Amino acid sequence: MTTAPVKKVPIHLQSSQNRLLIKNGQVVNFDGIEEADVYIEDGIIKQVGRNLIIPGGTRTIDATRKLVMPGGIDPHTHFELEMMGAKTADDFYKGTRAAVAGGTTTVIDFVLPNKGQSLIEAYNNWREKADNKVCCDYGLHVGVTWWSPSVKKEMQQLVAEHGVNSFKVFMAYKDTWMLDDYELCQVFETCAELKALPQVHAENGHIIARNTEKLLAAGVTTPEGHELSRDEEVEAEAVNRACVIANQMNAPLYIVHMMSKSAVDALRNARLRQRRAIIGETLAATVGTDGMHYTNACFRHAAAHVLSPPLRPDPDTPEAIIKALAEDDLQLIGSDNCTFTEKDKEKGKDDFTKIPNGVNGVEDRMAILWQKAVNTGMMDPCRFVAVTSATAARVFNLWPAKGCVAVGSDADVVVWDPQLERTISAAAHHHATDFNIFEGTRVVGSPQYVIVNGRVCLDDGELRVAEGLGKFLPTPANCPYLYDGKPPLSPQGSPRYASESPQNSPARVTNGNTPTELHLVNKQLDGLSVSGCSTPTGRKMREPGQRNLQNSTFSISKEVEGLDTKTSVRVRNPPGGKSSGLW
Ligand SMILES: NC(=O)NCCC(=O)O
Ligand SMILES: [Zn+2]
């Protein structure tokens with residue numbers, strides 16, 4: 001295993017401020033909400049409950065009317081990536097700083113080797129770029145952009161010695177990263193042998209290439225051509241093909257950035273027949289904006305929205321994607337943060353195929369989803385935690401250190417203020433670019449405090465990150481969530497196969513630990529008035545006649561104030577407290 005370089009911890013972070021108590025908040029995990037205080041020491045959550053015995057000198061954060069959630073995990077970023085003749089603007093410092101500002105405390109970036117390049121060499125390059133810059137913990141997926149027996153060997157080494165458990169292939173980007181179906185078979189098969197997770201960028205690269213030739217020949221050069229060359233069907237076909245190949249190779253599959261209703265339909269169908277787990281990821285961009293921007297007369301504006309697969313010029317797509325996330329047709333949300341400066345986007349001024357692909361998202365992912373999904377009543381806070389944090393932890397085998405607020409977990413915690421109002425703007429964001437695809441979006445709900453490995457890095461709105469304080473997170477193979485022979489529960493909450501027992505379902509995977517003693521407190525969820533609950537944990541969809549929060553003046557913060565907490569407090573420690581044996 002590669003050892004991380006020794007980090008210099010800034011003096012102001014070496015202080016006695018290694019003890020922290022978050023008091024009076026509502027602790028939200030993917031499987032329940034409870035009223036509890038959270039005591040953190042030396043970067044680890046040591047106690048969760050009421051009437052805790054806390055040593056003197058501990059800093060206290062009052063989380064009254066706030067939600068205390070696991071820090072976000074963004075499973076899809078591209079920092080310091082060179083592609084299409086440009087380099088992304090956000091490096092590992094600025095990118096992870098933006099992540100922390102928005103409540104994300106772990107990112108998983110992609111090592112993308114050039115064709116013919118050693119995967120291990122590329123991995124080492126990424127470690128060199130990242131290790132001394134990251135402000136939060138990070139993991140790495142590795143791209144398989146070409147195939148040979150040596151690549152297979154390097155995949156084995158990456159799993160055995162370098163803490164990599166996921167490998168991404170591209171069905172698009174013909175002539176650079178794309179593999180053919182036979183190569184996909186071999187990568188998926190190798191992943192299954194190694195008990196790793198194949199990931200796929202699902203778009204049909206050949207169709208895109210042909211459509212592009214025709215569009216350019218017809219004189220279409222503007223950013224609109226980007227989407228025209230790769231419509232929903234082009235994405236959906238590849239999703240279906242990737243699922244078939246994974247099924248034939250008996251591999252699980254993770255489909256990155258699912259951007260369209262047609263692609264989600266293809267995934268939904270595949271999930272009914274697949275032998276192993278399939279995980280669908282969507283993006284903050286898909287939820288927070290749409291492809292109507294491609295026809296904007298301003299090149300800068302239109303080009304800033306170019307990514308692949310593209311945003312869809314269909315105003316109904318964001319809501320459909322949120323519904324799919326809420327109902328477990330999609331499992332998690334990333335950002336695919338891949339920012340380019342205006343100057344770099346200008347490379348495609350006369351030819352849309354030369355616009356570097358990528359958008360922002362790592363900073364705003366959590367607030368955008370909260371605004372569009374929770375504030376509208378389409379998703380409850382537990383599902384929000386699942387899709388922004390817990391599921392990524394479970395899929396990439398970081399659970400329960402990451403993805404939950406529980407005794408023994410890393411102290412990556414967000415104190416979320418559901419009343420905090422702001423308008424997203426490039427003028428205030430922390431990216432290295434001066435364009436934000438969510439510009440002007442008003443959000444109610446944002447982090448007030450962000451704690452990274454026990455350090456308060458967003459302190460009542462003030463960002464105080466430390467470069468290099470994050471560490472590389474090895475992701476072990478053979479993740480129980482994917483490889484214990486028990487695929488995820490169906491959206492209805494019942495096992496999809498008669499042989500499955502709920503006790504062994506991934507929802508209960510604990511890696512031999514007790515990740516959380518939280519239980520579902522439906523009364524509290526009702527109290528939060530997330531009556532549109534549509535989570536796979538069995539809470540019901542809004543009935544006809546029930547209020548539609550999207551069309552009301554409902555404010556989640558008011559509902560938090562109105563909680564009947566007495567009925568739902570779960571006391572772990574008896575009055576007077578109990579000794580935890582910590583001191
Ligand atoms: N998504 C995108 O447009 N840029 C990043 C590279 C990729 O993930 O395809
Ligand atoms: Zn990507």
# chains A, B, ... in the order shown; residues from 1 in each chain; ligands from 1
>>> residues_around(residues="segment 93-110 of chain A", least_positions_apart="2", cutoff="8 Å", atoms="only C-alpha atoms", output="ChimeraX atom specification")
/A:71-79,90-91,112,130,133-143,362-367,412-414,429-432,446-447,450-452,457-458,463,465,467-468
>>> residues_around(residues="Ile61 of chain A", least_positions_apart="2", cutoff="9 Å", atoms="only C-alpha atoms", output="ChimeraX atom specification")
/A:20-24,59,63,449
>>> residues_near_ligand(ligand="ligand 2", cutoff="12 Å", atoms="only C-alpha atoms and all ligand atoms", output="PyMOL selection string")
chain A and resi 74-79+81+83+88+108-112+141-143+168-170+172-173+199-202+255-258+281-283+307-310+334-339+357-362
>>> closest_residue(among="A:Glu227, A:Glu41, A:Asp181, A:Glu213", to="ligand 1", atoms="only C-alpha atoms and all ligand atoms")
A:Glu227
>>> closest_residue(among="A:Gly205, A:Pro313, A:Gly116, A:Pro381", to="ligand 1", atoms="only C-alpha atoms and all ligand atoms")
A:Gly205
>>> select_by_dssp(residues="segment 329-377 of chain A", states="strand (DSSP E or B)", output="MDAnalysis selection string")
chainID A and resid 332:334 337 359
>>> closest_residue(among="A:Leu228, A:Ala392, A:Ala303, A:Ile120", to="Phe30 of chain A", atoms="only C-alpha atoms")
A:Ala392
>>> atom_distance(atom1="atom CA of Ile355 of chain A", atom2="atom CA of Ser260 of chain A")
21.2 Å
>>> residues_around(residues="Glu121 of chain A", least_positions_apart="5", cutoff="12 Å", atoms="only C-alpha atoms", output="list in words")
Val111, Leu112, Pro113, Asn114, Gly116, Trp126, Arg127, Glu128, Val142, Val151, Glu154, Gln157, Leu158 and His162 of chain A
>>> write_last_selection(atoms="N, CA and C atoms", output="short mmCIF file (atom, residue, chain, number, x, y, z; two decimals), in the first residue's frame")
data_model
loop_
_atom_site.label_atom_id
_atom_site.label_comp_id
_atom_site.auth_asym_id
_atom_site.auth_seq_id
_atom_site.Cartn_x
_atom_site.Cartn_y
_atom_site.Cartn_z
N VAL A 111 -8.57 9.07 -11.73
CA VAL A 111 -7.29 8.99 -12.43
C VAL A 111 -7.63 8.61 -13.87
N LEU A 112 -7.24 9.42 -14.82
CA LEU A 112 -7.55 9.08 -16.22
C LEU A 112 -6.26 8.99 -17.03
N PRO A 113 -5.74 7.77 -17.19
CA PRO A 113 -4.49 7.59 -17.94
C PRO A 113 -4.72 7.86 -19.43
N ASN A 114 -3.68 8.32 -20.10
CA ASN A 114 -3.74 8.42 -21.56
C ASN A 114 -3.69 7.01 -22.13
N GLY A 116 -2.32 3.91 -23.59
CA GLY A 116 -0.95 3.40 -23.61
C GLY A 116 -0.16 3.70 -22.34
N TRP A 126 -1.57 11.24 -9.91
CA TRP A 126 -2.73 11.83 -9.22
C TRP A 126 -2.45 11.99 -7.72
N ARG A 127 -1.81 10.98 -7.15
CA ARG A 127 -1.48 11.08 -5.71
C ARG A 127 -0.55 12.27 -5.47
N GLU A 128 0.40 12.45 -6.38
CA GLU A 128 1.33 13.58 -6.23
C GLU A 128 0.60 14.91 -6.32
N VAL A 142 -9.99 4.66 -10.95
CA VAL A 142 -9.00 4.68 -12.04
C VAL A 142 -9.70 4.35 -13.36
N VAL A 151 -2.58 -4.08 -18.60
CA VAL A 151 -3.60 -3.28 -17.92
C VAL A 151 -4.30 -4.14 -16.87
N GLU A 154 -2.13 -4.45 -13.94
CA GLU A 154 -2.10 -3.22 -13.14
C GLU A 154 -3.40 -3.02 -12.35
N GLN A 157 -2.92 -4.96 -9.30
CA GLN A 157 -2.01 -4.28 -8.36
C GLN A 157 -2.70 -3.09 -7.69
N LEU A 158 -3.47 -2.37 -8.46
CA LEU A 158 -4.15 -1.19 -7.88
C LEU A 158 -5.10 -1.61 -6.76
N HIS A 162 -2.91 -0.52 -3.76
CA HIS A 162 -3.05 0.93 -3.82
C HIS A 162 -4.42 1.46 -3.39
#
>>> atom_distance(atom1="atom CA of Asn124 of chain A", atom2="atom 4 (N, counted along the ligand's line) of ligand 1")
21.5 Å
>>> residues_around(residues="Glu193 of chain A", least_positions_apart="2", cutoff="10 Å", atoms="only C-alpha atoms", output="PyMOL selection string")
chain A and resi 156+187-191+195-196+249-251+478
>>> write_last_selection(atoms="N, CA and C atoms", output="compact mmCIF listing (two decimals), in the first residue's frame")
# COMPACT_ATOMS: atom_id res chain seq x y z
N GLN A 156 -5.05 -5.42 -11.05
CA GLN A 156 -4.86 -6.29 -9.87
C GLN A 156 -3.99 -5.59 -8.81
N VAL A 187 -12.85 -5.74 -19.14
CA VAL A 187 -12.72 -4.90 -17.94
C VAL A 187 -13.75 -5.33 -16.89
N PHE A 188 -14.98 -5.53 -17.31
CA PHE A 188 -16.03 -5.90 -16.34
C PHE A 188 -15.71 -7.25 -15.70
N GLU A 189 -15.26 -8.18 -16.54
CA GLU A 189 -14.91 -9.51 -16.05
C GLU A 189 -13.75 -9.42 -15.03
N THR A 190 -12.77 -8.59 -15.36
CA THR A 190 -11.63 -8.42 -14.44
C THR A 190 -12.11 -7.81 -13.12
N CYS A 191 -12.99 -6.83 -13.22
CA CYS A 191 -13.52 -6.23 -11.99
C CYS A 191 -14.22 -7.29 -11.15
N LYS A 195 -13.31 -8.43 -7.47
CA LYS A 195 -14.36 -7.92 -6.59
C LYS A 195 -14.25 -6.39 -6.45
N ALA A 196 -14.02 -5.80 -7.61
CA ALA A 196 -14.01 -4.34 -7.72
C ALA A 196 -15.29 -3.91 -8.45
N MET A 249 -21.21 -10.67 -17.85
CA MET A 249 -19.90 -10.88 -17.21
C MET A 249 -20.05 -11.09 -15.70
N ASN A 250 -21.29 -11.11 -15.24
CA ASN A 250 -21.59 -11.32 -13.82
C ASN A 250 -20.90 -10.28 -12.93
N ALA A 251 -20.94 -9.04 -13.38
CA ALA A 251 -20.30 -7.95 -12.63
C ALA A 251 -21.38 -6.96 -12.16
N ASN A 478 -14.05 -5.99 -2.62
CA ASN A 478 -14.98 -6.94 -2.00
C ASN A 478 -15.93 -6.25 -1.04
>>> residues_around(residues="Arg300 of chain A", least_positions_apart="3", cutoff="12 Å", atoms="only C-alpha atoms", output="ChimeraX atom specification")
/A:222-223,293-297,303-306,340-349,352,355,434-437
>>> select_by_dssp(residues="segment 9-182 of chain A", states="helix (DSSP H, G or I)", output="VMD selection string")
chain A and resid 11 to 13 92 to 101 119 to 130 149 to 162 181 to 182
>>> write_last_selection(atoms="C-alpha atoms", output="tab-separated table (two decimals), in the first residue's frame")
chain	number	residue	atom	x	y	z
A	11	ILE	CA	-0.21	25.61	14.07
A	12	HIS	CA	-3.68	27.06	14.45
A	13	LEU	CA	-5.08	23.62	13.84
A	92	PHE	CA	-7.14	19.71	-5.58
A	93	TYR	CA	-6.86	22.65	-3.21
A	94	LYS	CA	-9.50	24.91	-4.71
A	95	GLY	CA	-11.74	22.01	-5.59
A	96	THR	CA	-11.77	20.48	-2.13
A	97	ARG	CA	-12.03	23.94	-0.55
A	98	ALA	CA	-15.18	24.52	-2.62
A	99	ALA	CA	-16.41	21.07	-1.59
A	100	VAL	CA	-16.03	21.83	2.11
A	101	ALA	CA	-17.70	25.22	1.70
A	119	LEU	CA	-2.30	2.91	-14.89
A	120	ILE	CA	0.00	2.85	-11.88
A	121	GLU	CA	2.07	5.70	-13.25
A	122	ALA	CA	-1.10	7.74	-13.77
A	123	TYR	CA	-2.31	6.83	-10.28
A	124	ASN	CA	1.01	7.99	-8.78
A	125	ASN	CA	0.72	11.27	-10.72
A	126	TRP	CA	-2.73	11.83	-9.22
A	127	ARG	CA	-1.48	11.08	-5.71
A	128	GLU	CA	1.33	13.58	-6.23
A	129	LYS	CA	-1.11	16.22	-7.41
A	130	ALA	CA	-3.58	15.64	-4.62
A	149	PRO	CA	-2.76	-7.97	-20.44
A	150	SER	CA	-0.54	-5.41	-18.69
A	151	VAL	CA	-3.60	-3.28	-17.92
A	152	LYS	CA	-5.25	-6.28	-16.32
A	153	LYS	CA	-2.16	-6.85	-14.20
A	154	GLU	CA	-2.10	-3.22	-13.14
A	155	MET	CA	-5.75	-3.39	-12.16
A	156	GLN	CA	-4.86	-6.29	-9.87
A	157	GLN	CA	-2.01	-4.28	-8.36
A	158	LEU	CA	-4.15	-1.19	-7.88
A	159	VAL	CA	-6.67	-3.23	-5.94
A	160	ALA	CA	-4.15	-5.22	-3.93
A	161	GLU	CA	-1.63	-2.51	-3.16
A	162	HIS	CA	-3.05	0.93	-3.82
A	181	ASP	CA	-17.63	-3.84	-26.34
A	182	TYR	CA	-15.12	-6.69	-26.31
>>> residues_around(residues="Ala393 of chain A", least_positions_apart="3", cutoff="10 Å", atoms="only C-alpha atoms", output="ChimeraX atom specification")
/A:72-75,106,386,388-390,396-404,475,481
>>> residues_around(residues="Val28 of chain A", least_positions_apart="3", cutoff="6 Å", atoms="only C-alpha atoms", output="list in words")
Ile33, Val68 and Met69 of chain A
>>> write_last_selection(atoms="N, CA and C atoms", output="CSV table (one decimal), in the first residue's frame")
chain,number,residue,atom,x,y,z
A,33,ILE,N,-33.9,9.7,12.0
A,33,ILE,CA,-33.6,11.0,12.6
A,33,ILE,C,-33.7,10.9,14.1
A,68,VAL,N,-28.0,17.8,11.9
A,68,VAL,CA,-26.6,17.3,12.0
A,68,VAL,C,-26.5,16.1,11.1
A,69,MET,N,-25.7,16.2,10.0
A,69,MET,CA,-25.7,15.2,9.0
A,69,MET,C,-24.3,14.7,8.7
>>> atom_distance(atom1="atom CA of Val239 of chain A", atom2="atom CA of Lys372 of chain A")
25.5 Å
